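Some notes on the structure that comes next.
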Amino acid sequence: MPKIDYLLARRDKLRAYVITHGHEDHIGALPHVLAQAPAPVYATPFTRALIEHKLAERELTASLLDLRERVPVALGTLTVEPIAVTHSIPGAWP
């Protein structure tokens with residue numbers, strides 16, 4: 001079970017989750033976290049498909065949005081600009 005006390009104490013500041021790739025240590029807690037601290041989830045198309053499957057297994061839904069390489073996403077005072085990187089899973093973008 002993920003320990004999300006820190007996140008829950010600051011959920012009023014939460015704008016979104018940005019998931020860089022689909023390894024289980026990056027997406028495994030999403031069903032638990034989204035149930036208690038919902039927010040849009042940004043992910044690469046491949047990672048989004050993995051997340052959709054994981055949420056569907058638990059009959060959960062979320063606002064899933066695609067990250068596109070070099071297309072900035074503004075999240076409050078933070079702007080994220082994804083770039084492709086080499087990793088051991090397809091669609092790995094920081």
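Quick note on naming: the chains in the structure tokens go A, B, ... in the order shown, residues restart at 1 in each chain, and ligands are numbered from 1 in order of appearance.
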
**Request:** Quick one: pick out all strand (DSSP E or B) residues within chain A from a backbone DSSP run and write them as number ranges by chain.
**Result:** A: 17-19, 41-43, 64-66, 73-75, 78-80

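With only C-alpha atoms taken into account, the protein and nucleic acid residues at most 8 Å from range 36-46 of chain A (excluding it and anything under 3 positions from it in its own chain) are Leu7, Leu8, Arg11, Leu14, Arg15, Ala16, Tyr17, Val18, Ile19, Thr20, His21, Gly22, His32, Val33, Ala49, Leu50, Ala62, Ser63, Leu64, Leu65, Asp66, Leu67, Arg68, Pro90, Gly91, Ala92 and Trp93 of chain A.
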
What would the file look like if the residues just selected were written as a PDB file, in the first residue's frame with N, CA and C atoms?
ATOM      1  N   LEU A   7       1.222  13.690   0.519  1.00  0.00           N
ATOM      2  CA  LEU A   7       0.391  14.170  -0.578  1.00  0.00           C
ATOM      3  C   LEU A   7      -0.977  14.627  -0.080  1.00  0.00           C
ATOM      4  N   LEU A   8      -1.605  13.835   0.755  1.00  0.00           N
ATOM      5  CA  LEU A   8      -2.939  14.170   1.250  1.00  0.00           C
ATOM      6  C   LEU A   8      -2.935  15.460   2.057  1.00  0.00           C
ATOM      7  N   ARG A  11      -3.047  18.223  -0.659  1.00  0.00           N
ATOM      8  CA  ARG A  11      -3.886  17.992  -1.839  1.00  0.00           C
ATOM      9  C   ARG A  11      -4.504  19.265  -2.402  1.00  0.00           C
ATOM     10  N   LEU A  14      -2.378  20.351  -5.247  1.00  0.00           N
ATOM     11  CA  LEU A  14      -2.189  19.383  -6.325  1.00  0.00           C
ATOM     12  C   LEU A  14      -2.867  19.869  -7.604  1.00  0.00           C
ATOM     13  N   ARG A  15      -2.108  19.947  -8.689  1.00  0.00           N
ATOM     14  CA  ARG A  15      -2.643  20.372  -9.989  1.00  0.00           C
ATOM     15  C   ARG A  15      -2.808  19.187 -10.937  1.00  0.00           C
ATOM     16  N   ALA A  16      -1.871  18.251 -10.880  1.00  0.00           N
ATOM     17  CA  ALA A  16      -1.910  17.094 -11.783  1.00  0.00           C
ATOM     18  C   ALA A  16      -0.807  16.128 -11.385  1.00  0.00           C
ATOM     19  N   TYR A  17      -0.909  14.939 -11.948  1.00  0.00           N
ATOM     20  CA  TYR A  17       0.162  13.948 -11.863  1.00  0.00           C
ATOM     21  C   TYR A  17       0.807  13.884 -13.246  1.00  0.00           C
ATOM     22  N   VAL A  18       2.118  13.934 -13.307  1.00  0.00           N
ATOM     23  CA  VAL A  18       2.850  13.801 -14.558  1.00  0.00           C
ATOM     24  C   VAL A  18       3.631  12.499 -14.460  1.00  0.00           C
ATOM     25  N   ILE A  19       3.237  11.535 -15.272  1.00  0.00           N
ATOM     26  CA  ILE A  19       3.828  10.209 -15.218  1.00  0.00           C
ATOM     27  C   ILE A  19       4.810  10.082 -16.380  1.00  0.00           C
ATOM     28  N   THR A  20       6.071   9.843 -16.049  1.00  0.00           N
ATOM     29  CA  THR A  20       7.115   9.871 -17.067  1.00  0.00           C
ATOM     30  C   THR A  20       7.218   8.593 -17.880  1.00  0.00           C
ATOM     31  N   HIS A  21       6.826   7.460 -17.289  1.00  0.00           N
ATOM     32  CA  HIS A  21       6.845   6.207 -18.043  1.00  0.00           C
ATOM     33  C   HIS A  21       6.043   5.153 -17.285  1.00  0.00           C
ATOM     34  N   GLY A  22       5.856   3.999 -17.926  1.00  0.00           N
ATOM     35  CA  GLY A  22       4.904   3.026 -17.437  1.00  0.00           C
ATOM     36  C   GLY A  22       5.413   1.942 -16.522  1.00  0.00           C
ATOM     37  N   HIS A  32      -4.817   3.888  -5.985  1.00  0.00           N
ATOM     38  CA  HIS A  32      -4.975   4.253  -4.574  1.00  0.00           C
ATOM     39  C   HIS A  32      -4.944   5.772  -4.400  1.00  0.00           C
ATOM     40  N   VAL A  33      -4.004   6.404  -5.077  1.00  0.00           N
ATOM     41  CA  VAL A  33      -3.821   7.850  -4.939  1.00  0.00           C
ATOM     42  C   VAL A  33      -4.999   8.612  -5.529  1.00  0.00           C
ATOM     43  N   ALA A  49      -2.011   4.254 -21.988  1.00  0.00           N
ATOM     44  CA  ALA A  49      -2.697   2.981 -22.244  1.00  0.00           C
ATOM     45  C   ALA A  49      -2.511   2.014 -21.076  1.00  0.00           C
ATOM     46  N   LEU A  50      -1.310   1.961 -20.516  1.00  0.00           N
ATOM     47  CA  LEU A  50      -1.068   1.110 -19.350  1.00  0.00           C
ATOM     48  C   LEU A  50      -1.904   1.571 -18.153  1.00  0.00           C
ATOM     49  N   ALA A  62     -10.427   8.302 -14.546  1.00  0.00           N
ATOM     50  CA  ALA A  62      -9.649   9.498 -14.228  1.00  0.00           C
ATOM     51  C   ALA A  62      -9.542  10.335 -15.490  1.00  0.00           C
ATOM     52  N   SER A  63      -9.210  11.578 -15.314  1.00  0.00           N
ATOM     53  CA  SER A  63      -8.941  12.455 -16.444  1.00  0.00           C
ATOM     54  C   SER A  63      -7.515  12.175 -16.912  1.00  0.00           C
ATOM     55  N   LEU A  64      -7.385  11.471 -18.039  1.00  0.00           N
ATOM     56  CA  LEU A  64      -6.075  11.101 -18.579  1.00  0.00           C
ATOM     57  C   LEU A  64      -5.775  11.963 -19.799  1.00  0.00           C
ATOM     58  N   LEU A  65      -4.666  12.645 -19.768  1.00  0.00           N
ATOM     59  CA  LEU A  65      -4.287  13.578 -20.822  1.00  0.00           C
ATOM     60  C   LEU A  65      -2.938  13.182 -21.391  1.00  0.00           C
ATOM     61  N   ASP A  66      -2.796  13.356 -22.699  1.00  0.00           N
ATOM     62  CA  ASP A  66      -1.557  12.971 -23.370  1.00  0.00           C
ATOM     63  C   ASP A  66      -0.477  14.027 -23.249  1.00  0.00           C
ATOM     64  N   LEU A  67       0.729  13.572 -22.937  1.00  0.00           N
ATOM     65  CA  LEU A  67       1.920  14.404 -23.064  1.00  0.00           C
ATOM     66  C   LEU A  67       2.449  14.206 -24.475  1.00  0.00           C
ATOM     67  N   ARG A  68       2.860  15.264 -25.104  1.00  0.00           N
ATOM     68  CA  ARG A  68       3.473  15.206 -26.429  1.00  0.00           C
ATOM     69  C   ARG A  68       4.871  15.796 -26.335  1.00  0.00           C
ATOM     70  N   PRO A  90       8.972   1.533 -23.690  1.00  0.00           N
ATOM     71  CA  PRO A  90       8.585   2.507 -24.719  1.00  0.00           C
ATOM     72  C   PRO A  90       7.903   3.725 -24.106  1.00  0.00           C
ATOM     73  N   GLY A  91       8.008   4.847 -24.796  1.00  0.00           N
ATOM     74  CA  GLY A  91       7.313   6.066 -24.373  1.00  0.00           C
ATOM     75  C   GLY A  91       7.849   6.668 -23.100  1.00  0.00           C
ATOM     76  N   ALA A  92       9.119   6.601 -22.841  1.00  0.00           N
ATOM     77  CA  ALA A  92       9.709   7.153 -21.617  1.00  0.00           C
ATOM     78  C   ALA A  92      10.109   8.608 -21.840  1.00  0.00           C
ATOM     79  N   TRP A  93       9.357   9.487 -21.228  1.00  0.00           N
ATOM     80  CA  TRP A  93       9.652  10.915 -21.317  1.00  0.00           C
ATOM     81  C   TRP A  93       9.647  11.478 -19.911  1.00  0.00           C
TER      82      TRP A  93
END

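Considering the residues A:Val85, A:Leu34, A:Ile27, A:Val71 and counting only C-alpha atoms, Lys54 in chain A has its shortest atom-to-atom contact with A:Ile27.
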
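Between Glu59 in chain A and the candidates A:Val80, A:Ile89, A:Ala35, A:Leu75, the tightest atom-to-atom separation, counting only C-alpha atoms, involves A:Ala35.
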
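Counting from CA of Glu52 in chain A, the distance to CA of Pro31 in chain A is 10.3 Å.
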